[in-house]
Amino acid sequence: MDKSQWKWLLVSIGFSALVMGAVLYFTVDETTVGYLSRINPFYLILAVLLHILSLGFWALRIQKMTISLGYQVGFKHCLNLVLANMVVAAITPSQAGGEPVRVHELYRAGVPVGDATAIVIMERVIDGIVLGAGGAFAMLFLGRYWSGLTSGFGGVSFLMYGAWILISAFVLMFVYSVRNPDRLKRVLRRISCWIDRRWHLRRIEHILATIDREVDNFNHGLVEFVNHGRSGLVWGFFLTSLYWFSEFVIASVLLMALGQPPHFVESFVVQLVIAVIMMIPLTPGGSGVSEISATSFYSLFVPSAIVGVFVLLWRLIIYYLNIALGLLPSLSIVRREVLARARRHR
């Protein structure tokens, strides 16, 4: 990591800590100590293990999808790239910014750039389909319980419908672009030319040529998935479902650790909305936004004296633990690249 990346990491952590401090200031009162005295360490440890298990599901998803295309990448390498990806995601807008790291590390493991890109983007598409299906399930199959839940949440109902529509639109646009790669090229070229008119890019022709080449490579990789990597897609959907289930249930486990009912259904709805919000590029790593969103939503059914502590524990696991686990793999990758560059220049 260079100085700029360290700076943005500190900005992300600092902003998250600042917002978290404000949340605790406005929610902690004299009854909070009573709640904390009854905290159950078993559930805290279980929540941490669930998150580590989620990262394992993610690494296994990448490995299975890679193997389905005919490339052998070890689980340890996949886990390292997932952990390193989490650090980059913490310093880029939203938490969906680690894709270049995953593509690069797959390439280092012998996967061509086009196929590596197809794998990583297909991950996001599968995420979108699974989250969209979860939203559809919540809205269509919970029936009266959903109506009562959203009436109590107020704006959450609107956000839930909006998130579901956004995810569904993304998936449909992706399917359309795969079936019509030439139109995708034209759209990307128009966007690049529009940017050039506003900011006068120096190498616009090189950028346009790169767009054509990478769209072709990407489309070839997706065709390979459909023709030869169907088992990878099946594994992808299965492991993605396990990943999101494990991540979403962490909040309910933390509520039990604090002596509260797990609120599985309510927490599922809130986690689904927060997951979509955190993908919107607002702040580095979604810091601040996720704390405010979680506090606002969970305060509707969690006592105010403990909601701040709950959000703090939740962020310690899904954000700060990611950074702690990913620093060593990130530094290892940087060291490897520096040594490789030095050997090339000898």
# chains A, B, ... in the order shown; residues from 1 in each chain; ligands from 1

$ residues_around --residues "segment 27-37 of chain A" --least-positions-apart "2" --cutoff "7 Å" --atoms "only C-alpha atoms" --output "list in words"
Val23, Leu24, Tyr25, Ile39, Leu258, Ser304, Ala305, Ile306, Val307 and Gly308 of chain A

$ closest_residue --among "A:Gly326, A:Gly288, A:Pro262, A:Gly21" --to "Val302 of chain A" --atoms "only C-alpha atoms"
A:Pro262

$ atom_distance --atom1 "atom CA of Ala89 of chain A" --atom2 "atom CA of Tyr319 of chain A"
9.8 Å
